[in-house]
Structures are given as structure tokens and as C-alpha cells.
Amino acid sequence: MSLCSREPRVPADRLVAEMVPPPRFDSVRFSTYLPDPNQPSQREAVHVLEKFANGLGQSPGPAAGRRGLFGFGRGKAPKVPAGPRGVYLDGGYGVGKTHLLASLWHATDAEPSRKAFGTFVELTNLVGALGFQQTVQTLSGHRLLCIDEFELDDPGDTVLVSSLLARLVEAGVALAATSNTLPGKLGEGRFAAADFMREIQGLSAHFRALRIDGEDYRHRGLPEAPAPYSEEQVTRAARATEGASLDDFTALLDHLARVHPSRYGALTDGLSAVCLTGVRPVPDQSTALRLVVLADRLYDREVPVLTSGEPFDRLFGEEMLKGGYRKKYFRAISRLTALARDAAPLVDAR
């Protein structure tokens, strides 16, 4: 199989139905999160989130539930819940934020159709597919909306998501999000426009921020990722592994430019492994950001990645790793490294 031969079409109803924790986080719970004993903030985060989930299991407030397009009832303005209406998990990559966010989703006593889980990119893609008002209508009856990897990649998304979350809070929807940056600092290093910063500051008022310290658990006590293999080894492993894809890295980057990022999950449907030859540093930031999205979808679905060429820590140039998107790139390197480690048995078994 080849990823470059796939051009998936994803209907809007699938985008909504798939707003659940990805397969990697199907079975996670608060009880399976193992706090680092040297990082008390991790244990505190579990305690706060368990209490938050218990509160969501109670009867919704007067503003919650299905009360019309924007949560309004009989022409009356909705009652905005007092105080923060959400929790915001801040910390570096690999401290278990997504694990905790998915655990909150699982622990919330509500039908799956009344709670949603998706990445920031998936949320903006949903608005693109349904339209703003239909998205508000779809999500306003929810008890909880979880947003993973909250990133503001352009000013338009800043305003879009700010407006969407404000409507959902008015409708009584509880919010939870993860990011590598505190809410009041979102956008720093990316935008200088004061009006967009004001939008971001307004968002932070909806959340109680929880700082989670710690090192990247994907590398905690584990060996370094295996070095890239030879092209012959990768090709042989791909042909011997049922359900594996095989692509030239440069050709895949070109293909990603022709497929909307909202379809990258569907692009990986049914794959047991992704095999890439000729890995090299990405040429520009647009290409790099598309690769980050693909890395996230592969990691969510636990698809091993076997490569030849340059190692993953050379994918992004020094200038990129010092820029405003550096945390995205470090996250991608971390996740791809974990997937490369998972792929080692494909070669060892040959």
C-alpha cells in the first residue's frame, strides 16, 4: 500500500462521530495515570480533574441542555455559569496531558453523544465542514468539550475559536483543554497584533489553569529511538508486513499538500505500519506543520513508523526549532521517536 495513492473523502457526520478519544487512549483512566513521585503537580492535577468530573456528573445547570440553537430559551438570554467553566492543562510535551484529558472524558457521567473530544485542528475542521452556527447547535447540548493541543496557528482561528467557546460556555458546556502554553500566553512568539492578544486573554477567563511539570514520559527510563535503517531493510520489512504502507518521504510530503489535514486520520485507516524511505529535513514551515498533524494522527492510532534516511531529530531545522511553532515540532519529534521504537520489531523479525 501507498499513502500517496490514497485520497480519502470524509463526510461531516464522520467528523462529529469521531470526536471521541483516539484508539491510543480508549482504555486510559485516572487510575492508570502514574504520577511522577518527584512532580507533585501531576498528582494534584489528577485530584482536581476527578473532582471536576464528579461535578459534571450532576444535573446540568439552568443554562445547559438542548434549549435552542445557542442554548437560549423562549427569547431569554442564557445564564452564564459563575466562575471558570473549564480546566486547562498546561505543561511540556510528554507529561501525560492527553492521558488526563481522555480520562476526564471517560470519567464524566454522560452519554458519549453528549461529550466531545478532539484536537484543536479537528475542532476548526468541524467548523469548516458544518459552518459556525451548525457547530454551535451540534455542541451546545453537550455536557463536556475536550480540546487537545490547543494551538492558535493563525489570527482567523483565534477569533473563530474564541467566539465558538464563548457561545458554548453560555449554553452551559464545560470545557477542558491541553496545551504547552498557559492560556494567557497563547500566541506569544507568533502574533504581535494587540487585538488578537485581547481575544486570547478573553479565552483564558473560561479556564482554571493547572500546571503539570515533568519530563517526557515517552523517554523516561527508555532507550533512545533506533537509528534509521537502510532503504533495503525498510522496503523488505514493508513488503513482509501485512497492512504496511511504503512511500518515498519527499513524495509523501508533496501528497500531504494536496490532502486537507482533516483527512489525515482517514489517510491512515487500516494501516499496521508506515514505512518511509529517504527521510530528510522538511523544506519549509507549511510542510512542517502538515507533517506535525500526520505525526499526531499516527501517534493517536499507535501506527509504528519505520524509516531510512535522516533521524527524526533532524526533521526540523534550527530556525524552526527556535520559532513560534517550536513546541509543535518538539512534540512531533517526541511522538515519532516513540513510534520508531515501536517499529523496531518489524526489522528484527525479518
# chains A, B, ... in the order shown; residues from 1 in each chain; ligands from 1
>>> select_by_dssp(residues="region 214-299 of chain A", states="alpha helix (DSSP H)", output="MDAnalysis selection string")
chainID A and resid 231:240 249:256 264:267 285:299
>>> write_last_selection(atoms="N, CA, C and O atoms", output="compact mmCIF listing (two decimals), in the first residue's frame")
# COMPACT_ATOMS: atom_id res chain seq x y z
N GLU A 231 17.51 1.63 3.25
CA GLU A 231 16.34 1.59 2.39
C GLU A 231 15.94 0.15 2.08
O GLU A 231 14.75 -0.17 2.02
N GLU A 232 16.91 -0.71 1.93
CA GLU A 232 16.62 -2.12 1.64
C GLU A 232 15.89 -2.76 2.82
O GLU A 232 14.92 -3.51 2.63
N GLN A 233 16.32 -2.46 4.05
CA GLN A 233 15.66 -3.04 5.24
C GLN A 233 14.22 -2.56 5.35
O GLN A 233 13.31 -3.34 5.65
N VAL A 234 14.00 -1.26 5.10
CA VAL A 234 12.65 -0.70 5.22
C VAL A 234 11.74 -1.30 4.15
O VAL A 234 10.60 -1.70 4.43
N THR A 235 12.24 -1.39 2.94
CA THR A 235 11.44 -1.93 1.84
C THR A 235 11.09 -3.39 2.08
O THR A 235 9.94 -3.82 1.89
N ARG A 236 12.07 -4.16 2.54
CA ARG A 236 11.83 -5.58 2.80
C ARG A 236 10.81 -5.76 3.94
O ARG A 236 9.90 -6.60 3.87
N ALA A 237 10.93 -4.95 4.99
CA ALA A 237 10.01 -5.05 6.12
C ALA A 237 8.59 -4.66 5.70
O ALA A 237 7.61 -5.29 6.12
N ALA A 238 8.48 -3.64 4.85
CA ALA A 238 7.16 -3.20 4.40
C ALA A 238 6.47 -4.30 3.61
O ALA A 238 5.27 -4.55 3.79
N ARG A 239 7.20 -4.95 2.73
CA ARG A 239 6.61 -5.98 1.88
C ARG A 239 6.27 -7.24 2.68
O ARG A 239 5.39 -8.00 2.28
N ALA A 240 6.95 -7.43 3.81
CA ALA A 240 6.71 -8.63 4.61
C ALA A 240 5.68 -8.39 5.72
O ALA A 240 5.31 -9.33 6.42
N PHE A 249 9.63 9.55 1.21
CA PHE A 249 9.29 10.64 2.11
C PHE A 249 8.97 11.93 1.37
O PHE A 249 7.98 12.61 1.68
N THR A 250 9.77 12.29 0.38
CA THR A 250 9.52 13.52 -0.37
C THR A 250 8.19 13.46 -1.11
O THR A 250 7.43 14.43 -1.13
N ALA A 251 7.89 12.30 -1.69
CA ALA A 251 6.60 12.15 -2.38
C ALA A 251 5.44 12.26 -1.40
O ALA A 251 4.40 12.85 -1.72
N LEU A 252 5.62 11.74 -0.19
CA LEU A 252 4.55 11.84 0.81
C LEU A 252 4.32 13.29 1.21
O LEU A 252 3.17 13.73 1.35
N LEU A 253 5.39 14.05 1.40
CA LEU A 253 5.23 15.46 1.75
C LEU A 253 4.46 16.20 0.66
O LEU A 253 3.61 17.05 0.96
N ASP A 254 4.75 15.90 -0.59
CA ASP A 254 4.01 16.53 -1.69
C ASP A 254 2.54 16.13 -1.65
O ASP A 254 1.65 16.95 -1.91
N HIS A 255 2.27 14.86 -1.33
CA HIS A 255 0.89 14.38 -1.29
C HIS A 255 0.11 15.05 -0.16
O HIS A 255 -1.07 15.39 -0.31
N LEU A 256 0.75 15.25 0.99
CA LEU A 256 0.08 15.89 2.12
C LEU A 256 -0.39 17.29 1.77
O LEU A 256 -1.39 17.77 2.32
N TYR A 264 -6.31 13.50 7.42
CA TYR A 264 -5.11 12.72 7.69
C TYR A 264 -5.42 11.48 8.52
O TYR A 264 -4.74 10.45 8.39
N GLY A 265 -6.42 11.56 9.39
CA GLY A 265 -6.81 10.37 10.14
C GLY A 265 -7.31 9.29 9.22
O GLY A 265 -6.91 8.12 9.31
N ALA A 266 -8.20 9.67 8.28
CA ALA A 266 -8.72 8.72 7.32
C ALA A 266 -7.61 8.19 6.41
O ALA A 266 -7.68 7.05 5.92
N LEU A 267 -6.59 9.02 6.18
CA LEU A 267 -5.46 8.61 5.34
C LEU A 267 -4.76 7.39 5.93
O LEU A 267 -4.20 6.56 5.19
N GLN A 285 8.06 25.78 6.52
CA GLN A 285 7.19 25.69 7.68
C GLN A 285 5.82 25.11 7.36
O GLN A 285 5.25 24.34 8.16
N SER A 286 5.24 25.43 6.22
CA SER A 286 3.94 24.88 5.86
C SER A 286 4.01 23.36 5.77
O SER A 286 3.13 22.65 6.27
N THR A 287 5.06 22.86 5.15
CA THR A 287 5.26 21.42 5.05
C THR A 287 5.45 20.82 6.44
O THR A 287 4.90 19.75 6.76
N ALA A 288 6.22 21.52 7.27
CA ALA A 288 6.49 21.02 8.62
C ALA A 288 5.21 20.90 9.43
O ALA A 288 5.00 19.91 10.14
N LEU A 289 4.32 21.88 9.34
CA LEU A 289 3.08 21.85 10.11
C LEU A 289 2.15 20.73 9.64
O LEU A 289 1.45 20.12 10.44
N ARG A 290 2.14 20.46 8.35
CA ARG A 290 1.35 19.32 7.85
C ARG A 290 1.91 18.02 8.39
O ARG A 290 1.15 17.11 8.78
N LEU A 291 3.23 17.90 8.44
CA LEU A 291 3.85 16.69 8.96
C LEU A 291 3.53 16.51 10.45
O LEU A 291 3.33 15.38 10.92
N VAL A 292 3.46 17.60 11.19
CA VAL A 292 3.09 17.54 12.60
C VAL A 292 1.70 16.92 12.77
O VAL A 292 1.48 16.07 13.64
N VAL A 293 0.75 17.35 11.93
CA VAL A 293 -0.61 16.81 12.02
C VAL A 293 -0.61 15.31 11.72
O VAL A 293 -1.27 14.52 12.42
N LEU A 294 0.12 14.90 10.69
CA LEU A 294 0.20 13.47 10.37
C LEU A 294 0.82 12.70 11.52
O LEU A 294 0.34 11.61 11.88
N ALA A 295 1.88 13.24 12.12
CA ALA A 295 2.52 12.57 13.25
C ALA A 295 1.52 12.39 14.40
O ALA A 295 1.49 11.33 15.05
N ASP A 296 0.70 13.40 14.65
CA ASP A 296 -0.31 13.29 15.71
C ASP A 296 -1.31 12.18 15.42
O ASP A 296 -1.69 11.41 16.31
N ARG A 297 -1.78 12.10 14.16
CA ARG A 297 -2.77 11.08 13.82
C ARG A 297 -2.15 9.68 13.92
O ARG A 297 -2.81 8.74 14.36
N LEU A 298 -0.91 9.53 13.50
CA LEU A 298 -0.24 8.22 13.59
C LEU A 298 -0.04 7.83 15.05
O LEU A 298 -0.23 6.67 15.43
N TYR A 299 0.33 8.79 15.87
CA TYR A 299 0.55 8.51 17.29
C TYR A 299 -0.76 8.14 17.98
O TYR A 299 -0.82 7.19 18.76
>>> atom_distance(atom1="CA of Pro40 (chain A)", atom2="CA of Arg211 (chain A)")
10.4 Å
>>> select_by_dssp(residues="region 133-177 of chain A", states="strand (DSSP E)", output="PyMOL selection string")
chain A and resi 144-148+174-177
>>> write_last_selection(atoms="N, CA and C atoms", output="compact mmCIF listing (two decimals), in the first residue's frame")
# COMPACT_ATOMS: atom_id res chain seq x y z
N LEU A 144 -19.73 18.22 28.00
CA LEU A 144 -18.29 18.47 28.06
C LEU A 144 -17.69 18.51 26.67
N LEU A 145 -16.78 19.46 26.45
CA LEU A 145 -15.97 19.52 25.23
C LEU A 145 -14.51 19.52 25.64
N CYS A 146 -13.77 18.50 25.21
CA CYS A 146 -12.33 18.40 25.48
C CYS A 146 -11.56 18.77 24.21
N ILE A 147 -10.61 19.69 24.35
CA ILE A 147 -9.81 20.15 23.21
C ILE A 147 -8.35 19.83 23.50
N ASP A 148 -7.77 18.95 22.72
CA ASP A 148 -6.38 18.56 22.91
C ASP A 148 -5.47 19.40 22.03
N ALA A 174 -19.27 22.56 29.62
CA ALA A 174 -18.00 22.61 30.34
C ALA A 174 -16.86 22.37 29.34
N LEU A 175 -15.72 22.98 29.60
CA LEU A 175 -14.59 22.91 28.69
C LEU A 175 -13.37 22.35 29.39
N ALA A 176 -12.56 21.63 28.66
CA ALA A 176 -11.26 21.17 29.16
C ALA A 176 -10.30 21.18 27.98
N ALA A 177 -9.08 21.58 28.24
CA ALA A 177 -8.13 21.71 27.14
C ALA A 177 -6.72 21.41 27.61
>>> residues_around(residues="region 92-102 of chain A", least_positions_apart="2", cutoff="9 Å", atoms="only C-alpha atoms", output="tab-separated table (two decimals) with N, CA and C atoms, in the first residue's frame")
chain	number	residue	atom	x	y	z
A	20	VAL	N	-14.19	11.53	19.74
A	20	VAL	CA	-14.02	10.73	20.95
A	20	VAL	C	-12.51	10.53	21.12
A	21	PRO	N	-12.05	10.12	22.31
A	21	PRO	CA	-10.61	9.87	22.47
A	21	PRO	C	-10.11	8.87	21.43
A	22	PRO	N	-8.94	9.11	20.86
A	22	PRO	CA	-8.40	8.21	19.82
A	22	PRO	C	-8.07	6.84	20.40
A	25	PHE	N	-6.00	6.07	23.46
A	25	PHE	CA	-6.50	6.48	24.77
A	25	PHE	C	-7.88	5.90	25.08
A	26	ASP	N	-8.24	4.80	24.39
A	26	ASP	CA	-9.52	4.13	24.66
A	26	ASP	C	-9.63	3.64	26.10
A	28	VAL	N	-7.54	4.42	28.80
A	28	VAL	CA	-6.89	5.16	29.88
A	28	VAL	C	-7.94	5.64	30.89
A	29	ARG	N	-7.53	5.71	32.13
A	29	ARG	CA	-8.37	6.23	33.21
A	29	ARG	C	-7.45	6.98	34.18
A	30	PHE	N	-8.06	7.71	35.11
A	30	PHE	CA	-7.24	8.38	36.12
A	30	PHE	C	-6.40	7.36	36.88
A	32	THR	N	-4.98	4.74	35.79
A	32	THR	CA	-3.86	4.23	35.02
A	32	THR	C	-2.79	5.29	34.79
A	33	TYR	N	-3.07	6.52	35.21
A	33	TYR	CA	-2.06	7.58	35.12
A	33	TYR	C	-1.10	7.42	36.30
A	35	PRO	N	1.57	9.17	38.33
A	35	PRO	CA	2.27	10.43	38.59
A	35	PRO	C	3.72	10.19	38.96
A	42	GLN	N	1.58	16.67	39.24
A	42	GLN	CA	0.89	15.63	38.49
A	42	GLN	C	-0.21	14.99	39.35
A	45	ALA	N	-3.07	17.43	39.73
A	45	ALA	CA	-3.90	17.52	38.53
A	45	ALA	C	-4.94	16.39	38.52
A	46	VAL	N	-4.54	15.18	38.88
A	46	VAL	CA	-5.48	14.06	38.94
A	46	VAL	C	-6.59	14.37	39.93
A	49	LEU	N	-9.00	17.08	38.53
A	49	LEU	CA	-9.80	16.60	37.41
A	49	LEU	C	-10.85	15.59	37.85
A	89	LEU	N	-4.99	22.27	31.07
A	89	LEU	CA	-3.79	21.54	31.47
A	89	LEU	C	-2.59	22.07	30.70
A	90	ASP	N	-1.69	22.69	31.42
A	90	ASP	CA	-0.51	23.29	30.80
A	90	ASP	C	0.73	22.50	31.20
A	104	LEU	N	-10.62	12.31	31.82
A	104	LEU	CA	-11.73	13.18	32.19
A	104	LEU	C	-12.95	12.86	31.33
A	105	TRP	N	-12.75	12.68	30.05
A	105	TRP	CA	-13.85	12.34	29.14
A	105	TRP	C	-14.50	11.03	29.58
A	106	HIS	N	-13.69	10.02	29.87
A	106	HIS	CA	-14.23	8.72	30.27
A	106	HIS	C	-14.94	8.81	31.62
A	107	ALA	N	-14.43	9.64	32.54
A	107	ALA	CA	-14.97	9.72	33.89
A	107	ALA	C	-16.24	10.54	33.97
A	117	PHE	N	-14.52	15.03	22.18
A	117	PHE	CA	-13.08	15.06	22.38
A	117	PHE	C	-12.43	15.22	21.01
A	146	CYS	N	-13.77	18.50	25.21
A	146	CYS	CA	-12.33	18.40	25.48
A	146	CYS	C	-11.56	18.77	24.21
A	147	ILE	N	-10.61	19.69	24.35
A	147	ILE	CA	-9.81	20.15	23.21
A	147	ILE	C	-8.35	19.83	23.50
A	148	ASP	N	-7.77	18.95	22.72
A	148	ASP	CA	-6.38	18.56	22.91
A	148	ASP	C	-5.47	19.40	22.03
A	149	GLU	N	-4.28	19.74	22.56
A	149	GLU	CA	-3.27	20.51	21.82
A	149	GLU	C	-3.85	21.82	21.31
A	176	ALA	N	-12.56	21.63	28.66
A	176	ALA	CA	-11.26	21.17	29.16
A	176	ALA	C	-10.30	21.18	27.98
A	177	ALA	N	-9.08	21.58	28.24
A	177	ALA	CA	-8.13	21.71	27.14
A	177	ALA	C	-6.72	21.41	27.61
A	178	THR	N	-5.88	21.03	26.66
A	178	THR	CA	-4.46	20.88	26.93
A	178	THR	C	-3.69	21.79	26.00
A	179	SER	N	-2.51	22.17	26.43
A	179	SER	CA	-1.61	22.93	25.58
A	179	SER	C	-0.25	22.92	26.23
A	180	ASN	N	0.72	23.41	25.49
A	180	ASN	CA	2.06	23.56	26.04
A	180	ASN	C	2.31	24.96	26.55
A	181	THR	N	1.29	25.81	26.55
A	181	THR	CA	1.43	27.21	26.91
A	181	THR	C	0.27	27.62	27.79
A	212	ILE	N	1.32	21.25	34.87
A	212	ILE	CA	1.78	19.88	35.07
A	212	ILE	C	3.26	19.82	34.69
A	213	ASP	N	4.11	19.66	35.68
A	213	ASP	CA	5.55	19.61	35.44
A	213	ASP	C	5.99	18.16	35.24
A	214	GLY	N	7.16	18.00	34.64
A	214	GLY	CA	7.70	16.66	34.48
A	214	GLY	C	8.45	16.50	33.18
A	215	GLU	N	9.15	15.36	33.07
A	215	GLU	CA	9.88	15.07	31.85
A	215	GLU	C	8.99	14.24	30.91
A	216	ASP	N	9.40	14.16	29.67
A	216	ASP	CA	8.66	13.42	28.65
A	216	ASP	C	8.63	11.94	29.03
A	217	TYR	N	7.42	11.43	29.38
A	217	TYR	CA	7.32	10.04	29.82
A	217	TYR	C	7.71	9.06	28.72
A	218	ARG	N	7.63	9.49	27.45
A	218	ARG	CA	7.94	8.57	26.35
A	218	ARG	C	9.42	8.20	26.34
A	219	HIS	N	10.23	9.00	27.03
A	219	HIS	CA	11.66	8.72	27.06
A	219	HIS	C	12.14	8.45	28.49
A	327	LYS	N	7.25	24.23	19.91
A	327	LYS	CA	6.68	23.20	20.78
A	327	LYS	C	5.94	22.15	19.97
A	328	LYS	N	5.33	22.56	18.87
A	328	LYS	CA	4.71	21.58	17.98
A	328	LYS	C	5.77	20.64	17.40
A	330	PHE	N	8.81	19.91	18.56
A	330	PHE	CA	9.37	19.02	19.58
A	330	PHE	C	8.39	17.91	19.92
A	331	ARG	N	7.09	18.23	19.95
A	331	ARG	CA	6.09	17.19	20.22
A	331	ARG	C	6.12	16.15	19.11
A	334	SER	N	9.10	13.93	19.47
A	334	SER	CA	8.88	13.01	20.59
A	334	SER	C	7.97	11.86	20.20
A	335	ARG	N	6.87	12.18	19.52
A	335	ARG	CA	5.90	11.14	19.15
A	335	ARG	C	6.45	10.22	18.06
>>> closest_residue(among="A:Cys275, A:Val303, A:Ala343, A:Ala12", to="Ala129 (chain A)", atoms="only C-alpha atoms")
A:Ala12
>>> residues_around(residues="Glu242 (chain A)", least_positions_apart="5", cutoff="9 Å", atoms="only C-alpha atoms", output="list in words")
Leu271, Ser272 and Ala273 of chain A
>>> atom_distance(atom1="CA of Ser5 (chain A)", atom2="CA of Pro261 (chain A)")
16.0 Å
>>> residues_around(residues="Thr307 (chain A)", least_positions_apart="3", cutoff="7 Å", atoms="only C-alpha atoms", output="list of chain:residue names")
A:Pro228, A:Tyr229, A:Val234, A:Cys275, A:Leu276, A:Thr277, A:Val279
>>> write_last_selection(atoms="all heavy atoms", output="PDB file, in the first residue's frame")
ATOM      1  N   PRO A 228      17.796   5.276  11.997  1.00  0.00           N
ATOM      2  CA  PRO A 228      17.124   4.873  10.760  1.00  0.00           C
ATOM      3  C   PRO A 228      17.807   3.659  10.138  1.00  0.00           C
ATOM      4  O   PRO A 228      19.014   3.451  10.282  1.00  0.00           O
ATOM      5  CB  PRO A 228      17.280   6.120   9.877  1.00  0.00           C
ATOM      6  CG  PRO A 228      17.452   7.256  10.837  1.00  0.00           C
ATOM      7  CD  PRO A 228      18.229   6.680  11.984  1.00  0.00           C
ATOM      8  N   TYR A 229      17.007   2.867   9.447  1.00  0.00           N
ATOM      9  CA  TYR A 229      17.510   1.662   8.803  1.00  0.00           C
ATOM     10  C   TYR A 229      17.900   1.970   7.365  1.00  0.00           C
ATOM     11  O   TYR A 229      17.719   3.089   6.871  1.00  0.00           O
ATOM     12  CB  TYR A 229      16.454   0.563   8.868  1.00  0.00           C
ATOM     13  CG  TYR A 229      16.140   0.133  10.280  1.00  0.00           C
ATOM     14  CD1 TYR A 229      15.059   0.683  10.969  1.00  0.00           C
ATOM     15  CD2 TYR A 229      16.931  -0.805  10.936  1.00  0.00           C
ATOM     16  CE1 TYR A 229      14.768   0.302  12.282  1.00  0.00           C
ATOM     17  CE2 TYR A 229      16.653  -1.193  12.247  1.00  0.00           C
ATOM     18  CZ  TYR A 229      15.573  -0.634  12.914  1.00  0.00           C
ATOM     19  OH  TYR A 229      15.300  -1.001  14.209  1.00  0.00           O
ATOM     20  N   VAL A 234      13.999  -1.263   5.102  1.00  0.00           N
ATOM     21  CA  VAL A 234      12.649  -0.701   5.217  1.00  0.00           C
ATOM     22  C   VAL A 234      11.743  -1.304   4.151  1.00  0.00           C
ATOM     23  O   VAL A 234      10.602  -1.696   4.429  1.00  0.00           O
ATOM     24  CB  VAL A 234      12.689   0.835   5.106  1.00  0.00           C
ATOM     25  CG1 VAL A 234      11.268   1.417   5.023  1.00  0.00           C
ATOM     26  CG2 VAL A 234      13.432   1.435   6.291  1.00  0.00           C
ATOM     27  N   CYS A 275       5.954   2.853   6.489  1.00  0.00           N
ATOM     28  CA  CYS A 275       7.364   2.709   6.141  1.00  0.00           C
ATOM     29  C   CYS A 275       7.741   3.813   5.159  1.00  0.00           C
ATOM     30  O   CYS A 275       7.080   3.983   4.127  1.00  0.00           O
ATOM     31  CB  CYS A 275       7.636   1.333   5.541  1.00  0.00           C
ATOM     32  SG  CYS A 275       7.225  -0.040   6.649  1.00  0.00           S
ATOM     33  N   LEU A 276       8.800   4.541   5.488  1.00  0.00           N
ATOM     34  CA  LEU A 276       9.208   5.691   4.684  1.00  0.00           C
ATOM     35  C   LEU A 276      10.689   5.583   4.336  1.00  0.00           C
ATOM     36  O   LEU A 276      11.517   5.310   5.211  1.00  0.00           O
ATOM     37  CB  LEU A 276       8.964   6.996   5.440  1.00  0.00           C
ATOM     38  CG  LEU A 276       7.520   7.285   5.864  1.00  0.00           C
ATOM     39  CD1 LEU A 276       7.477   8.491   6.781  1.00  0.00           C
ATOM     40  CD2 LEU A 276       6.652   7.516   4.627  1.00  0.00           C
ATOM     41  N   THR A 277      11.006   5.825   3.083  1.00  0.00           N
ATOM     42  CA  THR A 277      12.400   5.838   2.650  1.00  0.00           C
ATOM     43  C   THR A 277      12.823   7.277   2.337  1.00  0.00           C
ATOM     44  O   THR A 277      12.010   8.102   1.957  1.00  0.00           O
ATOM     45  CB  THR A 277      12.600   4.972   1.402  1.00  0.00           C
ATOM     46  OG1 THR A 277      11.752   5.456   0.334  1.00  0.00           O
ATOM     47  CG2 THR A 277      12.239   3.518   1.694  1.00  0.00           C
ATOM     48  N   VAL A 279      14.012   9.762   4.334  1.00  0.00           N
ATOM     49  CA  VAL A 279      13.615  10.850   5.231  1.00  0.00           C
ATOM     50  C   VAL A 279      14.702  11.919   5.243  1.00  0.00           C
ATOM     51  O   VAL A 279      15.901  11.615   5.316  1.00  0.00           O
ATOM     52  CB  VAL A 279      13.366  10.315   6.659  1.00  0.00           C
ATOM     53  CG1 VAL A 279      13.176  11.458   7.649  1.00  0.00           C
ATOM     54  CG2 VAL A 279      12.149   9.402   6.664  1.00  0.00           C
TER      55      VAL A 279
END
>>> closest_residue(among="A:Val10, A:Met19, A:Leu346, A:Ala166", to="Ala244 (chain A)", atoms="only C-alpha atoms")
A:Leu346
>>> atom_distance(atom1="CA of Asp300 (chain A)", atom2="CA of Leu203 (chain A)")
26.6 Å
